[in-house]
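> Input file: run_34.txt. Contents: compact mmCIF, C-alpha atoms.
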```txt
# COMPACT_ATOMS: atom_id res chain seq x y z
CA MET A 1 0.00 0.00 0.00
CA THR A 2 1.33 3.42 -0.84
CA GLN A 3 0.82 6.29 1.54
CA GLN A 4 0.04 9.59 -0.16
CA ARG A 5 1.28 12.72 1.55
CA ALA A 6 -1.46 15.24 2.23
CA ARG A 7 -1.37 18.21 -0.07
CA ARG A 8 -0.49 21.52 1.50
CA PRO A 9 -3.47 23.84 0.98
CA ALA A 10 -2.84 26.57 -1.55
CA PRO A 11 -1.64 29.64 0.37
CA ARG A 12 -3.66 32.81 0.15
CA PRO A 13 -1.93 36.18 -0.31
CA PRO A 14 -2.22 38.79 2.45
CA GLU A 15 -5.53 40.55 2.85
CA GLY A 16 -5.80 43.50 0.52
CA THR A 17 -3.64 42.00 -2.22
CA PRO A 18 -5.23 42.76 -5.62
CA ALA A 19 -6.53 39.87 -7.73
CA PRO A 20 -4.09 38.37 -10.26
CA GLY A 21 -5.87 40.10 -13.13
CA GLU A 22 -5.46 43.49 -11.45
CA LEU A 23 -1.80 42.78 -10.65
CA ALA A 24 -1.25 41.83 -14.29
CA ARG A 25 -2.88 45.10 -15.37
CA MET A 26 -0.42 46.99 -13.15
CA ALA A 27 2.50 45.01 -14.58
CA ARG A 28 1.37 45.71 -18.14
CA GLY A 29 1.26 49.41 -17.33
CA ARG A 30 4.73 49.31 -15.76
CA LEU A 31 6.21 47.51 -18.77
CA ALA A 32 4.24 49.27 -21.52
CA ASP A 33 7.27 51.18 -22.85
CA ALA A 34 9.40 48.04 -22.92
CA VAL A 35 6.64 46.15 -24.74
CA ARG A 36 6.41 48.95 -27.30
CA VAL A 37 10.13 48.71 -28.11
CA ALA A 38 10.01 44.90 -28.16
CA ARG A 39 7.13 44.94 -30.64
CA TRP A 40 8.93 47.49 -32.78
CA ALA A 41 11.95 45.16 -32.84
CA ASP A 42 9.72 42.20 -33.71
CA THR A 43 8.33 44.08 -36.71
CA SER A 44 11.41 45.97 -37.87
CA LEU A 45 14.32 43.67 -37.07
CA ARG A 46 13.05 40.34 -38.32
CA PRO A 47 15.60 38.13 -40.12
CA GLY A 48 15.65 39.02 -43.81
CA ARG A 49 14.65 42.61 -43.14
CA ASP A 50 17.39 43.87 -40.90
CA ARG A 51 20.08 41.87 -39.18
CA ALA A 52 21.38 44.81 -37.16
CA GLY A 53 19.20 44.15 -34.16
CA ALA A 54 22.09 43.75 -31.77
CA GLU A 55 25.74 44.61 -31.62
CA PRO A 56 27.99 41.66 -32.50
CA ASP A 57 29.57 41.67 -29.04
CA GLY A 58 27.47 38.91 -27.47
CA ARG A 59 25.74 41.38 -25.13
CA GLY A 60 22.61 42.08 -27.13
CA THR A 61 22.96 45.85 -26.93
CA LEU A 62 21.41 47.94 -29.66
CA SER A 63 23.70 49.42 -32.29
CA ALA A 64 23.79 53.20 -32.52
CA ALA A 65 22.14 53.15 -35.94
CA THR A 66 19.31 50.88 -34.79
CA ALA A 67 18.71 52.91 -31.61
CA GLU A 68 18.54 56.10 -33.70
CA ARG A 69 16.13 54.48 -36.15
CA ALA A 70 13.87 53.23 -33.35
CA ALA A 71 13.95 56.64 -31.68
CA GLN A 72 12.76 58.32 -34.86
CA GLU A 73 9.97 55.83 -35.50
CA LEU A 74 8.77 55.74 -31.89
CA ALA A 75 9.23 59.47 -31.14
CA LEU A 76 11.70 58.73 -28.35
CA THR A 77 15.31 59.61 -27.66
CA PRO A 78 18.01 56.98 -28.34
CA ASP A 79 18.72 56.80 -24.60
CA GLN A 80 15.04 56.05 -23.90
CA VAL A 81 15.07 53.34 -26.56
CA ARG A 82 18.16 51.73 -25.04
CA ALA A 83 16.65 51.87 -21.54
CA ASP A 84 13.38 50.30 -22.73
CA TRP A 85 15.34 47.68 -24.70
CA ASP A 86 17.29 46.71 -21.57
CA THR A 87 14.06 46.51 -19.57
CA ALA A 88 12.52 44.30 -22.26
CA ARG A 89 15.53 41.98 -22.10
CA LEU A 90 15.39 41.68 -18.31
CA ALA A 91 11.63 40.99 -18.40
CA GLY A 92 12.02 38.27 -21.04
CA LEU A 93 10.19 40.22 -23.72
CA ILE A 94 13.33 40.06 -25.83
CA GLU A 95 15.68 37.08 -25.67
CA VAL A 96 19.33 37.59 -26.51
CA HIS A 97 21.35 34.64 -27.76
CA GLY A 98 24.96 35.42 -28.43
CA ASP A 99 25.06 38.32 -30.88
CA SER A 100 21.41 38.14 -31.94
CA ALA A 101 18.10 38.97 -30.31
CA ARG A 102 14.51 37.97 -30.95
CA PRO A 103 11.10 38.40 -29.28
CA GLY A 104 10.56 36.20 -26.26
CA TRP A 105 7.56 33.96 -25.69
CA ARG A 106 6.22 36.40 -23.10
CA LEU A 107 5.78 39.02 -25.78
CA ARG A 108 3.69 36.55 -27.81
CA ALA A 109 1.48 35.85 -24.80
CA TRP A 110 1.42 39.38 -23.42
CA ASP A 111 -2.19 40.33 -24.18
CA ARG A 112 -3.79 37.00 -23.26
CA ASP A 113 -1.74 35.42 -20.45
CA ASP A 114 -1.76 37.22 -17.08
CA ALA A 115 0.63 34.65 -15.59
CA ALA A 116 3.20 35.35 -18.32
CA VAL A 117 2.92 39.09 -17.65
CA LEU A 118 3.44 38.63 -13.91
CA ARG A 119 6.41 36.32 -14.46
CA GLY A 120 7.90 38.95 -16.77
CA TRP A 121 7.55 41.65 -14.14
CA VAL A 122 8.99 39.39 -11.42
CA ALA A 123 11.99 38.72 -13.70
CA LEU A 124 12.53 42.49 -13.88
CA PHE A 125 12.04 42.78 -10.10
CA ASP A 126 14.68 40.10 -9.53
CA ALA A 127 17.08 42.01 -11.80
CA TRP A 128 16.53 45.45 -10.25
CA SER A 129 20.28 45.91 -9.60
CA LEU A 130 20.95 45.41 -13.32
CA ALA A 131 18.10 47.63 -14.44
CA HIS A 132 19.39 50.43 -12.22
CA ALA A 133 23.15 49.93 -12.18
CA ALA A 134 25.15 51.29 -9.26
CA SER A 135 27.37 54.33 -9.66
CA ARG A 136 31.06 53.62 -10.17
CA ASP A 137 31.69 55.70 -7.05
CA LEU A 138 30.24 52.87 -4.94
CA ALA A 139 32.63 50.04 -4.08
CA PRO A 140 31.67 46.83 -5.97
CA ALA A 141 32.08 44.69 -2.84
CA THR A 142 29.65 46.79 -0.81
CA VAL A 143 27.25 46.95 -3.76
CA ALA A 144 27.20 43.13 -3.79
CA GLU A 145 26.60 43.05 -0.03
CA THR A 146 23.71 45.47 -0.41
CA VAL A 147 22.09 43.35 -3.13
CA GLU A 148 22.45 40.28 -0.90
CA ALA A 149 20.96 42.13 2.07
CA MET A 150 17.93 43.60 0.27
CA PRO A 151 15.66 40.52 0.66
CA GLN A 152 15.67 41.14 4.43
CA LEU A 153 14.75 44.78 3.94
CA LEU A 154 12.00 43.87 1.48
CA THR A 155 10.65 41.35 3.99
CA LEU A 156 10.48 44.07 6.63
CA LEU A 157 8.62 46.30 4.18
CA GLN A 158 6.19 43.50 3.33
CA LEU A 159 5.49 42.63 6.97
CA SER A 160 5.07 46.30 7.89
CA ALA A 161 2.32 46.67 5.25
CA GLY A 162 2.95 50.41 5.12
CA PRO A 163 5.63 53.09 5.03
CA VAL A 164 8.95 52.35 6.76
CA PRO A 165 11.31 55.23 7.63
CA VAL A 166 14.66 55.18 5.84
CA PRO A 167 16.67 55.30 9.14
CA GLN A 168 15.01 52.02 10.18
CA LEU A 169 15.94 50.44 6.85
CA LEU A 170 19.48 51.80 7.14
CA ASP A 171 19.84 50.25 10.58
CA LEU A 172 18.67 46.86 9.26
CA LEU A 173 21.01 47.14 6.27
CA ASP A 174 23.93 47.85 8.60
CA GLN A 175 23.06 44.80 10.73
CA ARG A 176 22.70 42.53 7.70
CA VAL A 177 25.96 43.67 6.09
CA THR A 178 27.73 43.08 9.40
CA GLU A 179 26.25 39.55 9.55
CA LEU A 180 27.38 38.80 6.01
CA ARG A 181 30.92 39.90 6.78
CA THR A 182 30.94 37.86 9.99
CA GLU A 183 29.73 34.77 8.13
CA ARG A 184 32.70 35.19 5.80
CA CYS A 185 34.98 35.65 8.80
CA GLU A 186 35.98 39.10 7.61
CA ILE A 187 36.75 40.21 11.17
CA PRO A 188 39.52 42.80 11.40
CA TYR A 189 42.35 42.17 13.84
CA GLY A 190 43.46 44.54 16.60
CA PRO A 191 41.57 47.14 18.62
CA GLN A 192 38.52 48.56 16.90
CA PRO A 193 36.84 51.95 17.26
CA GLU A 194 33.42 52.34 18.78
CA PRO A 195 30.52 51.33 16.49
CA VAL A 196 29.60 54.06 14.04
CA ASP A 197 26.05 55.29 13.98
CA PRO A 198 24.41 54.29 10.65
CA GLU A 199 23.46 57.92 10.09
CA ASP A 200 27.18 58.76 10.03
CA THR A 201 27.99 56.14 7.40
CA PRO A 202 27.56 57.99 4.12
CA SER A 203 28.64 55.06 1.95
CA LEU A 204 26.00 52.74 3.42
CA SER A 205 23.43 55.49 3.20
CA ALA A 206 24.33 56.03 -0.46
CA LEU A 207 24.03 52.29 -1.09
CA LEU A 208 20.57 52.19 0.48
CA ASP A 209 19.52 55.22 -1.55
CA TRP A 210 20.70 53.50 -4.75
CA ALA A 211 18.88 50.25 -3.86
CA LEU A 212 15.60 51.97 -3.00
CA ARG A 213 15.76 54.06 -6.18
CA GLY A 214 16.43 50.92 -8.21
CA LEU A 215 13.49 49.08 -6.70
CA ALA A 216 11.30 52.13 -7.22
CA ALA A 217 12.41 52.28 -10.86
CA VAL A 218 11.08 48.76 -11.53
CA GLY A 219 7.82 49.48 -9.68
CA ALA A 220 8.42 47.42 -6.53
CA LEU A 221 8.13 50.32 -4.09
CA THR A 222 7.64 54.04 -3.71
CA TYR A 223 10.46 56.09 -2.19
CA ALA A 224 9.84 59.66 -1.09
CA GLU A 225 9.87 61.94 1.95
CA GLY A 226 12.32 59.78 3.88
CA GLN A 227 10.31 56.56 3.75
CA ALA A 228 9.68 53.56 1.51
CA THR A 229 6.48 51.62 0.85
CA LEU A 230 5.96 48.50 -1.22
CA THR A 231 3.59 48.82 -4.14
CA PRO A 232 0.88 46.15 -4.49
CA LEU A 233 3.07 44.45 -7.12
CA GLY A 234 6.12 44.58 -4.86
CA SER A 235 4.22 43.31 -1.84
CA TRP A 236 2.78 40.42 -3.85
CA ALA A 237 6.20 39.49 -5.29
CA VAL A 238 7.87 39.47 -1.86
CA TRP A 239 5.02 37.37 -0.46
CA VAL A 240 5.43 34.85 -3.31
CA LYS A 241 9.14 34.50 -2.56
CA LEU A 242 8.51 34.10 1.17
CA GLU A 243 5.98 31.38 0.35
CA GLN A 244 8.55 29.59 -1.80
CA ILE A 245 10.97 29.59 1.10
CA CYS A 246 8.27 28.32 3.48
CA VAL A 247 7.36 25.51 1.08
CA ALA A 248 10.99 24.42 0.99
CA ALA A 249 11.27 24.54 4.77
CA GLN A 250 8.19 22.30 5.08
CA SER A 251 9.18 19.93 2.27
CA PRO A 252 10.29 16.34 2.96
CA ALA A 253 13.81 17.10 1.76
CA GLY A 254 14.12 20.45 3.57
CA ASN A 255 16.68 21.76 1.12
CA ILE A 256 16.46 25.48 1.76
CA GLU A 257 19.69 25.70 3.81
CA GLN A 258 21.60 23.00 1.95
CA SER A 259 24.52 23.39 -0.44
CA ALA A 260 23.80 22.82 -4.13
CA ASP A 261 25.26 19.30 -3.95
CA ASP A 262 23.11 18.29 -0.98
CA MET A 263 20.03 19.99 -2.40
CA LEU A 264 20.38 18.10 -5.68
CA ARG A 265 20.89 14.79 -3.86
CA GLY A 266 17.77 15.53 -1.84
CA CYS A 267 15.83 16.03 -5.07
CA ALA A 268 17.14 12.91 -6.81
CA ARG A 269 14.22 10.71 -5.73
CA LEU A 270 11.49 13.32 -6.17
CA ARG A 271 9.09 13.44 -9.08
CA PRO A 272 9.93 16.13 -11.67
CA ASN A 273 7.28 18.63 -10.51
CA ALA A 274 8.23 18.22 -6.85
CA ALA A 275 11.91 18.59 -7.71
CA ARG A 276 11.24 21.78 -9.66
CA SER A 277 9.41 23.20 -6.65
CA GLU A 278 12.47 22.46 -4.53
CA TYR A 279 14.74 24.11 -7.09
CA ARG A 280 12.56 27.24 -7.15
CA ALA A 281 12.52 27.51 -3.38
CA TRP A 282 16.28 26.95 -3.08
CA LEU A 283 16.91 29.57 -5.76
CA ALA A 284 14.52 32.05 -4.14
CA ALA A 285 16.60 31.99 -0.95
CA ARG A 286 19.87 33.17 -2.56
CA PRO A 287 21.13 35.62 -5.20
CA VAL A 288 20.81 34.29 -8.74
CA GLY A 289 24.48 34.77 -9.60
CA SER A 290 25.86 32.83 -6.66
CA ALA A 291 23.19 30.12 -7.06
CA VAL A 292 24.12 29.56 -10.72
CA SER A 293 27.82 29.39 -9.85
CA GLU A 294 27.12 26.87 -7.08
CA LEU A 295 25.04 24.70 -9.41
CA LEU A 296 27.76 24.69 -12.06
CA ASP A 297 30.35 23.76 -9.42
CA ALA A 298 28.13 20.83 -8.43
CA ALA A 299 27.89 19.85 -12.10
CA ARG A 300 31.69 19.72 -12.32
CA GLY A 301 31.89 16.99 -9.66
CA GLU A 302 32.31 13.29 -10.21
CA ASP A 303 28.66 12.38 -9.67
CA ALA A 304 27.02 12.29 -13.09
CA LEU A 305 23.54 12.31 -11.54
CA LEU A 306 24.22 15.69 -9.93
CA ARG A 307 25.46 16.97 -13.29
CA GLY A 308 22.12 16.24 -14.93
CA LEU A 309 20.12 17.53 -11.97
CA ALA A 310 22.17 20.73 -11.83
CA PHE A 311 21.15 21.56 -15.39
CA GLU A 312 17.53 20.73 -14.55
CA ALA A 313 17.77 23.33 -11.79
CA LEU A 314 19.37 25.76 -14.25
CA ARG A 315 16.32 25.29 -16.49
CA VAL A 316 14.29 26.74 -13.64
CA VAL A 317 16.67 29.72 -13.50
CA GLY A 318 16.24 30.32 -17.23
CA ALA A 319 17.67 33.32 -19.09
CA PRO A 320 19.60 34.88 -16.13
CA ALA A 321 21.92 31.84 -16.20
CA GLU A 322 22.71 32.08 -19.92
CA ALA A 323 26.01 33.97 -19.67
CA GLU A 324 27.49 31.56 -17.13
CA VAL A 325 26.24 28.48 -18.97
CA ARG A 326 27.65 29.81 -22.23
CA ALA A 327 31.00 30.29 -20.49
CA VAL A 328 31.33 26.56 -19.69
CA VAL A 329 30.69 25.13 -23.17
CA ASP A 330 34.41 24.44 -23.58
CA GLU A 331 34.54 22.25 -20.47
CA THR A 332 34.37 18.67 -21.74
CA SER A 333 32.20 17.26 -18.97
CA LEU A 334 29.68 20.10 -19.14
CA ARG A 335 29.65 20.80 -22.87
CA PRO A 336 26.79 18.45 -23.96
CA TYR A 337 24.57 19.60 -21.10
CA ALA A 338 25.37 23.26 -21.75
CA LEU A 339 24.74 23.01 -25.50
CA ILE A 340 21.36 21.36 -24.98
CA TRP A 341 20.44 23.93 -22.30
CA LEU A 342 21.35 26.79 -24.64
CA ALA A 343 19.42 25.25 -27.53
CA GLU A 344 16.34 24.98 -25.32
CA GLN A 345 16.73 28.63 -24.31
CA GLU A 346 16.88 29.53 -28.00
CA GLY A 347 13.55 27.81 -28.60
CA ALA A 348 14.66 24.54 -30.19
CA ASP A 349 12.03 21.82 -30.47
CA PRO A 350 12.43 19.44 -27.47
CA GLU A 351 12.40 16.45 -29.84
CA ASP A 352 15.22 17.91 -31.94
CA VAL A 353 17.32 19.51 -29.23
CA HIS A 354 19.92 16.72 -29.24
CA LEU A 355 20.74 17.55 -32.85
CA VAL A 356 22.95 20.37 -31.59
CA LEU A 357 25.45 17.75 -30.39
CA THR A 358 28.11 16.12 -32.51
CA ARG A 359 28.26 12.33 -32.57
CA ASP A 360 31.11 12.32 -30.04
CA GLU A 361 29.26 14.74 -27.75
CA SER A 362 26.15 12.56 -27.90
CA THR A 363 28.22 9.51 -27.05
CA TRP A 364 29.86 11.32 -24.14
CA LEU A 365 26.43 12.29 -22.83
CA TRP A 366 25.22 8.70 -23.23
CA VAL A 367 28.12 7.41 -21.13
CA ASP A 368 27.67 10.14 -18.53
CA THR A 369 23.96 9.38 -18.20
CA ALA A 370 24.73 5.66 -18.02
CA ALA A 371 27.14 6.40 -15.17
CA ALA A 372 24.35 8.17 -13.29
CA VAL A 373 22.03 5.20 -13.85
CA ALA A 374 24.73 2.72 -12.80
CA ASP A 375 25.43 4.65 -9.60
CA HIS A 376 21.87 5.48 -8.58
CA GLY A 377 19.39 3.54 -10.69
CA GLU A 378 18.19 -0.03 -11.13
CA THR A 379 19.82 -2.55 -13.46
CA HIS A 380 16.88 -2.74 -15.85
CA LEU A 381 17.16 1.01 -16.39
CA LEU A 382 20.74 0.58 -17.54
CA VAL A 383 19.66 -2.06 -20.07
CA ARG A 384 16.89 0.25 -21.27
CA HIS A 385 19.41 3.07 -21.57
CA LEU A 386 21.23 1.02 -24.17
CA GLU A 387 18.29 1.59 -26.51
CA SER A 388 18.75 5.38 -26.35
CA ALA A 389 22.19 5.36 -27.97
CA VAL A 390 22.50 7.17 -31.29
CA GLN A 391 24.56 4.34 -32.81
CA PRO A 392 22.50 1.85 -34.81
CA THR A 393 24.28 -1.25 -33.45
CA VAL A 394 25.94 -2.28 -30.21
CA PRO A 395 29.35 -2.89 -31.89
CA ALA A 396 29.23 0.65 -33.33
CA LEU A 397 28.33 2.02 -29.89
CA LEU A 398 31.18 0.15 -28.23
CA ASP A 399 33.68 1.39 -30.82
CA GLU A 400 32.70 5.00 -30.24
CA VAL A 401 32.45 4.65 -26.47
CA ARG A 402 36.03 3.34 -26.38
CA ARG A 403 37.22 6.23 -28.54
CA ILE A 404 35.75 9.22 -26.70
CA GLY A 405 37.66 8.59 -23.46
CA HIS A 406 35.00 9.24 -20.84
CA PRO A 407 36.55 8.61 -17.39
CA ARG A 408 33.67 6.32 -16.34
CA THR A 409 33.69 4.18 -19.50
CA VAL A 410 35.06 1.03 -17.86
CA GLN A 411 32.65 1.14 -14.92
CA VAL A 412 29.68 1.76 -17.21
CA LEU A 413 30.55 -1.12 -19.53
CA VAL A 414 31.16 -3.51 -16.63
CA ALA A 415 27.81 -2.58 -15.07
CA LEU A 416 26.04 -2.95 -18.43
CA ALA A 417 27.62 -6.37 -19.00
CA ALA A 418 26.50 -7.52 -15.56
CA ALA A 419 22.95 -6.27 -16.14
CA HIS A 420 22.27 -7.40 -19.70
CA PRO A 421 20.34 -10.68 -20.07
CA ASP A 422 21.89 -11.59 -23.47
CA PRO A 423 25.07 -13.62 -22.76
CA ALA A 424 26.65 -12.91 -26.15
CA LEU A 425 26.09 -9.16 -25.90
CA ALA A 426 27.26 -9.12 -22.29
CA LYS A 427 30.47 -10.90 -23.35
CA ALA A 428 31.13 -8.30 -26.08
CA VAL A 429 30.58 -5.48 -23.60
CA ARG A 430 32.94 -7.09 -21.05
CA ARG A 431 35.57 -7.44 -23.77
CA ALA A 432 35.20 -3.76 -24.63
CA ALA A 433 35.56 -2.83 -20.96
CA PHE A 434 38.75 -4.92 -20.72
CA GLN A 435 40.18 -3.27 -23.81
CA VAL A 436 39.50 0.21 -22.47
CA HIS A 437 41.00 -0.75 -19.13
CA THR A 438 44.18 -2.14 -20.67
CA GLY A 439 44.45 0.51 -23.38
CA GLY A 440 43.84 -1.99 -26.19
CA VAL A 441 41.71 -1.57 -29.32
```
With the file now loaded, output its structure as structure tokens.

Amino acid sequence: MTQQRARRPAPRPPEGTPAPGELARMARGRLADAVRVARWADTSLRPGRDRAGAEPDGRGTLSAATAERAAQELALTPDQVRADWDTARLAGLIEVHGDSARPGWRLRAWDRDDAAVLRGWVALFDAWSLAHAASRDLAPATVAETVEAMPQLLTLLQLSAGPVPVPQLLDLLDQRVTELRTERCEIPYGPQPEPVDPEDTPSLSALLDWALRGLAAVGALTYAEGQATLTPLGSWAVWVKLEQICVAAQSPAGNIEQSADDMLRGCARLRPNAARSEYRAWLAARPVGSAVSELLDAARGEDALLRGLAFEALRVVGAPAEAEVRAVVDETSLRPYALIWLAEQEGADPEDVHLVLTRDESTWLWVDTAAAVADHGETHLLVRHLESAVQPTVPALLDEVRRIGHPRTVQVLVALAAAHPDPALAKAVRRAAFQVHTGGV
């Protein structure tokens, strides 16, 4: 008999939160200028009409000529066009792949799908520090600490359900930055001066001012007269993220405080939807950049299962992970996973996505996946995995497996030989394993 875990009732947002349709209307209004530029690009920069949609520097920035052209046609300034273009990119209305850009799926669904609109605004909310870049006068290290500390300040704003004075936020920012430095053991040696009042710390005050202005610029809060207040959109978004964290804390795996490696191991036995919920909650509890780096570090380990799961988690991250994933395509162990991930981001058909791999890359991926099955799966799954090879025959597969030099080749072939019910095939696989082990042909 199987015991089914009781479903957690769907959480309800705080009293006074507008209905999803009203929130989507607010988000559409906030992103109207970005949608206008994205639709102009969709019409004017389609392949075959104009290939100058983005600079060929891999950053997806508009060329000067294209920005000037858009400004003339939309009655804007070039700077306004560039700002709206950047907002459209961060909201997923425009997707940049290498040195080209094209309309995102959210733009296609913009007028009919409220959920897509809200996800687009939340993507912009998550990227507020990119949408409103810090001044070069602010130290990069303290800027990073401020970004990492802002979830606590946003939580205070959400729980307060009203205006919060800036001095109170500055005090909390000071406490959180101190905690972050202590966690990293950045404790100075020798006698220290008396604690400095937050009001007398101009750099921290300037950082808070920058952060609040950035969040106000994306529509998450209002900032005026020495106080900050979350907008309905901002309050809803913070509540959603707090709920994600609570779900993770109440989940069977309890992965919210775990490292990427332990989180992925905790998700290994979960069904895909449950695992994705764990990924979302884990990601919601940490900055996107550090989370992506930690997932890629986990993927570099020896456990092939974690490699595959790490890229499943990166699928939940989506476009914000593209730059870091693109940077690892030259790493042999990650290349097949990264190429498939990038192809999916570029809109490739799921059934054809493996066509981006060369024959050797497909064979490497087959061995790596077989290693994960051998280490964590059941023997019949390894036999079934044999049917997924791109080679038409087992001898052809064995020849190519021996040639690519995957470090787990011998173990995979030995496990496959032990699991396969056909004695003749098992003998051929054992022979291939022996030849790889001894360096023979």
> Under the rule that only C-alpha atoms are counted, which of A:Arg39, A:Ala34, A:Val328, A:Ile94 is the nearest residue to A:Glu346?
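Going through A:Arg39, A:Ala34, A:Val328, A:Ile94 one by one, the smallest distance to A:Glu346 is for A:Ile94.
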> Neighbouring residues of A:Arg307 were defined as those with any atom within 9 Å, considering only C-alpha atoms; residues of the same chain fewer than 3 positions away were excluded. Please report them as a ChimeraX atom specification.
/A:295-296,298-304,310-312,333-334,337,368,372
> In terms of the shortest atom-to-atom distance over all atoms listed in the file, which of A:Leu172, A:Leu90, A:Leu233, A:Cys267 is closest to A:Pro151?
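Nearest candidate to A:Pro151 out of A:Leu172, A:Leu90, A:Leu233, A:Cys267: A:Leu172.
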> Please provide the set of residues having any atom within 10 Å of stretch 224-226 of chain A, restricted to all atoms listed in the file, with same-chain residues fewer than 2 positions apart removed, written as a PyMOL selection string.
chain A and resi 163-167+212-213+216+221-222+228-229
> Calculated over only C-alpha atoms, which of the candidates A:Asp114, A:Gly120, A:Val177, A:Leu264 has the smallest distance to A:Ala141?
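Nearest candidate to A:Ala141 out of A:Asp114, A:Gly120, A:Val177, A:Leu264: A:Val177.
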> For atom CA of A:Val147 and atom CA of A:Gly104, quote the distance in Å rounded to one decimal.
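Interatomic distance, atom CA of A:Val147 to atom CA of A:Gly104: 26.8 Å.
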> So, with all atoms listed in the file as the atoms that count, which of A:Gln345, A:Thr363, A:Ala327, A:Pro350 lies closest to A:Trp105?
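Looking only at the distances to A:Trp105, the closest residue turns out to be A:Gln345.
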> For atom CA of A:His406 and atom CA of A:Ala371, determine how far apart the two atoms are, in Å to one decimal place.
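So the answer is 10.1 Å.
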> Choose the residue, out of A:Arg315, A:Arg326, A:His132, A:Arg176, that has the smallest atom-to-atom separation from A:Leu215; count only C-alpha atoms.
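Residue with the minimum atom-to-atom distance to A:Leu215: A:His132.
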> For A:Lys427, work out the shell of residues within 12 Å, counting only C-alpha atoms and skipping chain neighbours fewer than 6 positions away, then give it as a PyMOL selection string.
chain A and resi 394-395+413-414+416-421+433-434
> Please report the interatomic distance between atom CA of A:Ser388 and atom CA of A:Leu314 in Å with one decimal.
23.7 Å
> With all atoms listed in the file as the atoms that count, which of A:Gly308, A:Gly289, A:Pro423, A:Gly234 lies nearest to A:Gln158?
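Among A:Gly308, A:Gly289, A:Pro423, A:Gly234, it is A:Gly234 that comes nearest to A:Gln158.
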> Please, could N, CA and C atoms be added to stretch 262-273 of chain A and the result written as a compact mmCIF listing (two decimals), keeping the file's coordinate frame?

```
# COMPACT_ATOMS: atom_id res chain seq x y z
N ASP A 262 24.05 18.98 -1.86
CA ASP A 262 23.11 18.29 -0.98
C ASP A 262 21.67 18.51 -1.42
N MET A 263 21.38 19.72 -1.91
CA MET A 263 20.03 19.99 -2.40
C MET A 263 19.70 19.08 -3.58
N LEU A 264 20.63 18.94 -4.51
CA LEU A 264 20.38 18.10 -5.68
C LEU A 264 20.23 16.64 -5.28
N ARG A 265 21.04 16.18 -4.34
CA ARG A 265 20.89 14.79 -3.86
C ARG A 265 19.52 14.60 -3.20
N GLY A 266 19.07 15.63 -2.48
CA GLY A 266 17.77 15.53 -1.84
C GLY A 266 16.62 15.48 -2.84
N CYS A 267 16.87 16.01 -4.03
CA CYS A 267 15.83 16.03 -5.07
C CYS A 267 15.88 14.81 -5.99
N ALA A 268 16.92 13.99 -5.85
CA ALA A 268 17.14 12.91 -6.81
C ALA A 268 15.97 11.93 -6.88
N ARG A 269 15.30 11.70 -5.76
CA ARG A 269 14.22 10.71 -5.73
C ARG A 269 12.83 11.34 -5.87
N LEU A 270 12.79 12.64 -6.05
CA LEU A 270 11.49 13.32 -6.17
C LEU A 270 10.99 13.24 -7.60
N ARG A 271 9.68 13.35 -7.75
CA ARG A 271 9.09 13.44 -9.08
C ARG A 271 9.47 14.79 -9.69
N PRO A 272 9.45 14.90 -11.02
CA PRO A 272 9.93 16.13 -11.67
C PRO A 272 9.27 17.40 -11.15
N ASN A 273 7.95 17.41 -10.97
CA ASN A 273 7.28 18.63 -10.51
C ASN A 273 7.69 18.99 -9.09
```
